[in-house]
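Data block below; observations after.
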Amino acid sequence: MADTYEADASSPSLPPMLLGTYTPKMDSKGRLALPAKFRAQLGQGLVMARGQERCVSLLPTEEFRRMAVRIQHTSMGDRSARDYLRVFLSGAVDQIPDKQGRILVPPMLRSYARLTGPVVVIGVGTRAEIWDQDSWSSYLESKEQGYADIADDVLPAVDC
């Protein structure tokens, strides 16, 4: 469906680049097969955590640690950062996918993201997200016009 960016072997410090949209099946126990394109990037170990807008974030362990350290550096003097860190870390679970590339989404995170039916897994650069399929469709539809409208503000000017 979509590709995962393969980092140049001469640049081992580059974080993973997870891209695309996938619709794997999640069984009644909460097991989900990671998209094959993500397995090499997330397969050595990952952390699941509450994401924004009621999704589950999947982060390579190194990316999760980088984020947590960055937030902790500001948390002592910043109440918002402390609050965010508490919620973020208290809902985090580390996992290693099984031999079939499956992960178990814990009940607490399934409940948080309302994962009761079909799901969508999307690549968002250095992380992936698991969404309830209907929630993802609604979110995407609500952002379509804004996506075009804010492109000039978000994307840097490119000289040709």
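Residues in the structure tokens are numbered from 1 in each chain, the chains being A, B, ... in the order shown, and ligands are numbered from 1 in the order shown.
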
Identify, on the basis of only C-alpha atoms, every residue whose closest approach to range 64-67 of chain A does not exceed 10 Å; exclude the query and any residue fewer than 3 positions from it along the same chain; express the result as a list in words.
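Everything that qualifies: Leu46, Val47, Met48, Ala49, Ser57, Leu58, Leu59, Pro60, Thr61, Arg70, Ile71, Gln72, Leu85, Leu89, Ala92, Asp94, Thr126 and Arg127 of chain A.
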
From range 65-113 of chain A, collect each residue whose DSSP state is helix (DSSP H, G or I) and return the set as a PyMOL selection string.
chain A and resi 65-75+79-90+107-112

Any chance you could list, as an mmCIF file with all heavy atoms, in the first residue's frame, the residues in range 16-127 of chain A that come up strand (DSSP E or B) when DSSP is run on the backbone?
data_model
loop_
_atom_site.group_PDB
_atom_site.id
_atom_site.type_symbol
_atom_site.label_atom_id
_atom_site.label_comp_id
_atom_site.auth_asym_id
_atom_site.auth_seq_id
_atom_site.Cartn_x
_atom_site.Cartn_y
_atom_site.Cartn_z
ATOM 1 N N MET A 17 11.161 6.327 9.505
ATOM 2 C CA MET A 17 10.180 7.141 8.799
ATOM 3 C C MET A 17 9.034 6.207 8.423
ATOM 4 O O MET A 17 9.123 5.464 7.453
ATOM 5 C CB MET A 17 10.807 7.790 7.565
ATOM 6 C CG MET A 17 9.883 8.738 6.834
ATOM 7 S SD MET A 17 9.217 10.111 7.821
ATOM 8 C CE MET A 17 10.667 11.076 8.119
ATOM 9 N N LEU A 18 7.994 6.231 9.245
ATOM 10 C CA LEU A 18 6.839 5.365 9.062
ATOM 11 C C LEU A 18 5.787 6.119 8.260
ATOM 12 O O LEU A 18 5.392 7.218 8.634
ATOM 13 C CB LEU A 18 6.289 4.936 10.421
ATOM 14 C CG LEU A 18 7.319 4.232 11.323
ATOM 15 C CD1 LEU A 18 6.791 4.116 12.739
ATOM 16 C CD2 LEU A 18 7.681 2.883 10.765
ATOM 17 N N THR A 21 -1.106 4.158 5.245
ATOM 18 C CA THR A 21 -2.330 3.814 5.947
ATOM 19 C C THR A 21 -2.626 2.350 5.698
ATOM 20 O O THR A 21 -2.607 1.899 4.546
ATOM 21 C CB THR A 21 -3.508 4.677 5.441
ATOM 22 O OG1 THR A 21 -3.196 6.061 5.661
ATOM 23 C CG2 THR A 21 -4.805 4.333 6.133
ATOM 24 N N TYR A 22 -2.911 1.609 6.764
ATOM 25 C CA TYR A 22 -3.129 0.166 6.687
ATOM 26 C C TYR A 22 -4.362 -0.198 7.504
ATOM 27 O O TYR A 22 -4.707 0.503 8.462
ATOM 28 C CB TYR A 22 -1.907 -0.586 7.229
ATOM 29 C CG TYR A 22 -0.639 -0.193 6.521
ATOM 30 C CD1 TYR A 22 0.105 0.912 6.954
ATOM 31 C CD2 TYR A 22 -0.191 -0.890 5.408
ATOM 32 C CE1 TYR A 22 1.264 1.302 6.292
ATOM 33 C CE2 TYR A 22 0.971 -0.515 4.743
ATOM 34 C CZ TYR A 22 1.693 0.584 5.201
ATOM 35 O OH TYR A 22 2.830 0.959 4.547
ATOM 36 N N MET A 26 -7.837 -6.588 14.110
ATOM 37 C CA MET A 26 -7.499 -6.771 15.517
ATOM 38 C C MET A 26 -8.461 -7.815 16.072
ATOM 39 O O MET A 26 -9.676 -7.684 15.890
ATOM 40 C CB MET A 26 -7.628 -5.452 16.296
ATOM 41 C CG MET A 26 -7.150 -5.580 17.716
ATOM 42 S SD MET A 26 -6.959 -4.009 18.588
ATOM 43 C CE MET A 26 -8.634 -3.420 18.596
ATOM 44 N N ARG A 31 -5.080 -8.439 19.873
ATOM 45 C CA ARG A 31 -3.854 -8.678 19.110
ATOM 46 C C ARG A 31 -4.014 -8.115 17.705
ATOM 47 O O ARG A 31 -5.066 -8.243 17.091
ATOM 48 C CB ARG A 31 -3.535 -10.173 19.033
ATOM 49 C CG ARG A 31 -3.132 -10.753 20.364
ATOM 50 C CD ARG A 31 -2.876 -12.217 20.251
ATOM 51 N NE ARG A 31 -4.104 -12.867 19.811
ATOM 52 C CZ ARG A 31 -4.363 -14.159 19.953
ATOM 53 N NH1 ARG A 31 -3.478 -14.957 20.493
ATOM 54 N NH2 ARG A 31 -5.509 -14.663 19.535
ATOM 55 N N LEU A 32 -2.945 -7.493 17.248
ATOM 56 C CA LEU A 32 -2.941 -6.812 15.968
ATOM 57 C C LEU A 32 -1.623 -7.097 15.275
ATOM 58 O O LEU A 32 -0.559 -6.951 15.898
ATOM 59 C CB LEU A 32 -3.096 -5.307 16.225
ATOM 60 C CG LEU A 32 -2.960 -4.352 15.071
ATOM 61 C CD1 LEU A 32 -4.305 -4.226 14.366
ATOM 62 C CD2 LEU A 32 -2.516 -3.001 15.568
ATOM 63 N N ALA A 33 -1.680 -7.500 14.014
ATOM 64 C CA ALA A 33 -0.447 -7.708 13.246
ATOM 65 C C ALA A 33 0.014 -6.360 12.703
ATOM 66 O O ALA A 33 -0.738 -5.662 12.020
ATOM 67 C CB ALA A 33 -0.683 -8.689 12.103
ATOM 68 N N LEU A 46 9.041 -1.699 20.963
ATOM 69 C CA LEU A 46 8.257 -0.488 20.786
ATOM 70 C C LEU A 46 7.555 -0.161 22.081
ATOM 71 O O LEU A 46 7.464 -0.991 22.980
ATOM 72 C CB LEU A 46 7.262 -0.639 19.646
ATOM 73 C CG LEU A 46 6.200 -1.738 19.805
ATOM 74 C CD1 LEU A 46 4.888 -1.155 20.293
ATOM 75 C CD2 LEU A 46 5.984 -2.420 18.478
ATOM 76 N N VAL A 47 7.067 1.052 22.137
ATOM 77 C CA VAL A 47 6.271 1.495 23.271
ATOM 78 C C VAL A 47 4.942 1.989 22.723
ATOM 79 O O VAL A 47 4.901 2.731 21.743
ATOM 80 C CB VAL A 47 6.981 2.616 24.067
ATOM 81 C CG1 VAL A 47 6.095 3.118 25.207
ATOM 82 C CG2 VAL A 47 8.317 2.121 24.606
ATOM 83 N N MET A 48 3.861 1.515 23.346
ATOM 84 C CA MET A 48 2.519 1.998 23.036
ATOM 85 C C MET A 48 2.130 2.991 24.120
ATOM 86 O O MET A 48 2.409 2.756 25.298
ATOM 87 C CB MET A 48 1.513 0.851 23.044
ATOM 88 C CG MET A 48 1.614 -0.053 21.867
ATOM 89 S SD MET A 48 0.298 -1.271 21.908
ATOM 90 C CE MET A 48 1.145 -2.567 22.757
ATOM 91 N N ALA A 49 1.500 4.071 23.709
ATOM 92 C CA ALA A 49 1.088 5.098 24.671
ATOM 93 C C ALA A 49 -0.164 5.793 24.165
ATOM 94 O O ALA A 49 -0.504 5.696 22.983
ATOM 95 C CB ALA A 49 2.210 6.117 24.873
ATOM 96 N N ARG A 50 -0.814 6.512 25.074
ATOM 97 C CA ARG A 50 -1.958 7.325 24.658
ATOM 98 C C ARG A 50 -1.466 8.357 23.651
ATOM 99 O O ARG A 50 -0.493 9.054 23.905
ATOM 100 C CB ARG A 50 -2.548 8.065 25.849
ATOM 101 C CG ARG A 50 -3.233 7.206 26.862
ATOM 102 C CD ARG A 50 -3.740 8.086 28.020
ATOM 103 N NE ARG A 50 -4.250 7.291 29.107
ATOM 104 C CZ ARG A 50 -3.571 7.028 30.225
ATOM 105 N NH1 ARG A 50 -2.367 7.527 30.411
ATOM 106 N NH2 ARG A 50 -4.108 6.291 31.175
ATOM 107 N N VAL A 56 -3.853 5.372 19.672
ATOM 108 C CA VAL A 56 -2.738 4.755 20.375
ATOM 109 C C VAL A 56 -1.484 5.024 19.557
ATOM 110 O O VAL A 56 -1.438 4.705 18.366
ATOM 111 C CB VAL A 56 -2.944 3.236 20.554
ATOM 112 C CG1 VAL A 56 -1.708 2.590 21.179
ATOM 113 C CG2 VAL A 56 -4.194 2.949 21.395
ATOM 114 N N SER A 57 -0.476 5.613 20.179
ATOM 115 C CA SER A 57 0.793 5.867 19.503
ATOM 116 C C SER A 57 1.702 4.655 19.670
ATOM 117 O O SER A 57 1.765 4.057 20.742
ATOM 118 C CB SER A 57 1.501 7.085 20.101
ATOM 119 O OG SER A 57 0.813 8.254 19.778
ATOM 120 N N LEU A 58 2.397 4.302 18.591
ATOM 121 C CA LEU A 58 3.412 3.247 18.602
ATOM 122 C C LEU A 58 4.736 3.909 18.281
ATOM 123 O O LEU A 58 4.892 4.487 17.205
ATOM 124 C CB LEU A 58 3.112 2.186 17.542
ATOM 125 C CG LEU A 58 1.771 1.483 17.595
ATOM 126 C CD1 LEU A 58 1.624 0.551 16.396
ATOM 127 C CD2 LEU A 58 1.620 0.721 18.890
ATOM 128 N N LEU A 59 5.665 3.829 19.203
ATOM 129 C CA LEU A 59 6.958 4.488 19.008
ATOM 130 C C LEU A 59 8.081 3.470 19.161
ATOM 131 O O LEU A 59 8.058 2.655 20.085
ATOM 132 C CB LEU A 59 7.153 5.582 20.052
ATOM 133 C CG LEU A 59 6.129 6.703 20.019
ATOM 134 C CD1 LEU A 59 5.225 6.617 21.216
ATOM 135 C CD2 LEU A 59 6.826 8.020 19.993
ATOM 136 N N PRO A 60 9.076 3.531 18.268
ATOM 137 C CA PRO A 60 10.271 2.723 18.519
ATOM 138 C C PRO A 60 10.800 3.110 19.897
ATOM 139 O O PRO A 60 10.689 4.266 20.318
ATOM 140 C CB PRO A 60 11.242 3.153 17.418
ATOM 141 C CG PRO A 60 10.377 3.753 16.354
ATOM 142 C CD PRO A 60 9.205 4.365 17.078
ATOM 143 N N VAL A 93 3.214 1.341 27.568
ATOM 144 C CA VAL A 93 3.488 -0.088 27.719
ATOM 145 C C VAL A 93 4.528 -0.466 26.682
ATOM 146 O O VAL A 93 4.369 -0.161 25.499
ATOM 147 C CB VAL A 93 2.205 -0.920 27.470
ATOM 148 C CG1 VAL A 93 2.485 -2.409 27.570
ATOM 149 C CG2 VAL A 93 1.092 -0.507 28.411
ATOM 150 N N ASP A 94 5.610 -1.142 27.137
ATOM 151 C CA ASP A 94 6.608 -1.577 26.161
ATOM 152 C C ASP A 94 6.317 -3.016 25.738
ATOM 153 O O ASP A 94 5.770 -3.799 26.503
ATOM 154 C CB ASP A 94 8.036 -1.429 26.705
ATOM 155 C CG ASP A 94 8.267 -2.181 27.995
ATOM 156 O OD1 ASP A 94 7.294 -2.463 28.712
ATOM 157 O OD2 ASP A 94 9.422 -2.506 28.290
ATOM 158 N N GLN A 95 6.646 -3.306 24.479
ATOM 159 C CA GLN A 95 6.374 -4.625 23.910
ATOM 160 C C GLN A 95 7.384 -4.980 22.857
ATOM 161 O O GLN A 95 7.981 -4.101 22.231
ATOM 162 C CB GLN A 95 4.991 -4.660 23.245
ATOM 163 C CG GLN A 95 3.877 -4.890 24.179
ATOM 164 C CD GLN A 95 2.628 -5.366 23.456
ATOM 165 O OE1 GLN A 95 2.657 -5.911 22.360
ATOM 166 N NE2 GLN A 95 1.508 -5.143 24.091
ATOM 167 N N ARG A 102 2.874 -9.634 15.627
ATOM 168 C CA ARG A 102 1.684 -9.150 16.344
ATOM 169 C C ARG A 102 2.065 -8.482 17.651
ATOM 170 O O ARG A 102 3.027 -8.859 18.311
ATOM 171 C CB ARG A 102 0.730 -10.303 16.654
ATOM 172 C CG ARG A 102 0.097 -10.920 15.437
ATOM 173 C CD ARG A 102 -0.806 -12.043 15.823
ATOM 174 N NE ARG A 102 -0.057 -13.038 16.607
ATOM 175 C CZ ARG A 102 -0.558 -14.183 17.048
ATOM 176 N NH1 ARG A 102 -1.813 -14.499 16.805
ATOM 177 N NH2 ARG A 102 0.184 -15.023 17.743
ATOM 178 N N ILE A 103 1.263 -7.500 18.007
ATOM 179 C CA ILE A 103 1.368 -6.840 19.301
ATOM 180 C C ILE A 103 0.028 -6.983 20.002
ATOM 181 O O ILE A 103 -0.999 -7.214 19.358
ATOM 182 C CB ILE A 103 1.742 -5.347 19.154
ATOM 183 C CG1 ILE A 103 0.740 -4.622 18.249
ATOM 184 C CG2 ILE A 103 3.174 -5.199 18.656
ATOM 185 C CD1 ILE A 103 0.914 -3.113 18.196
ATOM 186 N N LEU A 104 0.047 -6.859 21.313
ATOM 187 C CA LEU A 104 -1.173 -6.900 22.101
ATOM 188 C C LEU A 104 -1.460 -5.491 22.600
ATOM 189 O O LEU A 104 -0.671 -4.921 23.369
ATOM 190 C CB LEU A 104 -1.023 -7.851 23.290
ATOM 191 C CG LEU A 104 -2.209 -7.888 24.252
ATOM 192 C CD1 LEU A 104 -3.454 -8.440 23.540
ATOM 193 C CD2 LEU A 104 -1.860 -8.723 25.468
ATOM 194 N N VAL A 119 -9.938 -1.274 12.750
ATOM 195 C CA VAL A 119 -8.922 -0.287 13.079
ATOM 196 C C VAL A 119 -8.123 0.116 11.846
ATOM 197 O O VAL A 119 -8.118 -0.577 10.834
ATOM 198 C CB VAL A 119 -7.954 -0.790 14.178
ATOM 199 C CG1 VAL A 119 -8.704 -1.097 15.461
ATOM 200 C CG2 VAL A 119 -7.157 -1.980 13.703
ATOM 201 N N VAL A 120 -7.450 1.238 11.974
ATOM 202 C CA VAL A 120 -6.551 1.758 10.944
ATOM 203 C C VAL A 120 -5.215 2.028 11.626
ATOM 204 O O VAL A 120 -5.180 2.561 12.732
ATOM 205 C CB VAL A 120 -7.106 3.072 10.337
ATOM 206 C CG1 VAL A 120 -6.119 3.704 9.371
ATOM 207 C CG2 VAL A 120 -8.434 2.823 9.649
ATOM 208 N N VAL A 121 -4.136 1.631 10.971
ATOM 209 C CA VAL A 121 -2.793 1.949 11.462
ATOM 210 C C VAL A 121 -2.179 2.900 10.451
ATOM 211 O O VAL A 121 -2.137 2.602 9.257
ATOM 212 C CB VAL A 121 -1.918 0.683 11.610
ATOM 213 C CG1 VAL A 121 -0.507 1.049 12.048
ATOM 214 C CG2 VAL A 121 -2.555 -0.292 12.601
ATOM 215 N N ILE A 122 -1.747 4.062 10.939
ATOM 216 C CA ILE A 122 -1.159 5.056 10.038
ATOM 217 C C ILE A 122 0.284 5.334 10.445
ATOM 218 O O ILE A 122 0.626 5.279 11.629
ATOM 219 C CB ILE A 122 -1.974 6.373 10.011
ATOM 220 C CG1 ILE A 122 -1.996 7.057 11.384
ATOM 221 C CG2 ILE A 122 -3.386 6.120 9.499
ATOM 222 C CD1 ILE A 122 -2.551 8.470 11.366
ATOM 223 N N GLY A 123 1.100 5.630 9.465
ATOM 224 C CA GLY A 123 2.455 6.078 9.719
ATOM 225 C C GLY A 123 2.460 7.582 9.845
ATOM 226 O O GLY A 123 1.850 8.287 9.031
ATOM 227 N N GLY A 125 5.478 9.523 10.430
ATOM 228 C CA GLY A 125 6.890 9.870 10.535
ATOM 229 C C GLY A 125 7.627 8.982 11.510
ATOM 230 O O GLY A 125 7.862 7.822 11.248
#

So how many Å separate CA of Tyr84 in chain A and CA of Leu42 in chain A, to one decimal?
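Straight-line distance from CA of Tyr84 in chain A to CA of Leu42 in chain A works out to 23.9 Å.
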
Between A:Cys55, A:Ile96, A:Ser142, A:Ala36, which has the minimum distance to Arg114 in chain A (counting only C-alpha atoms)?
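Closest to Arg114 in chain A, using only C-alpha atoms: A:Cys55.
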
To one decimal place in Å, what is the distance between CA of Lys29 in chain A and CA of Gly117 in chain A?
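Separating CA of Lys29 in chain A from CA of Gly117 in chain A is a distance of 12.1 Å.
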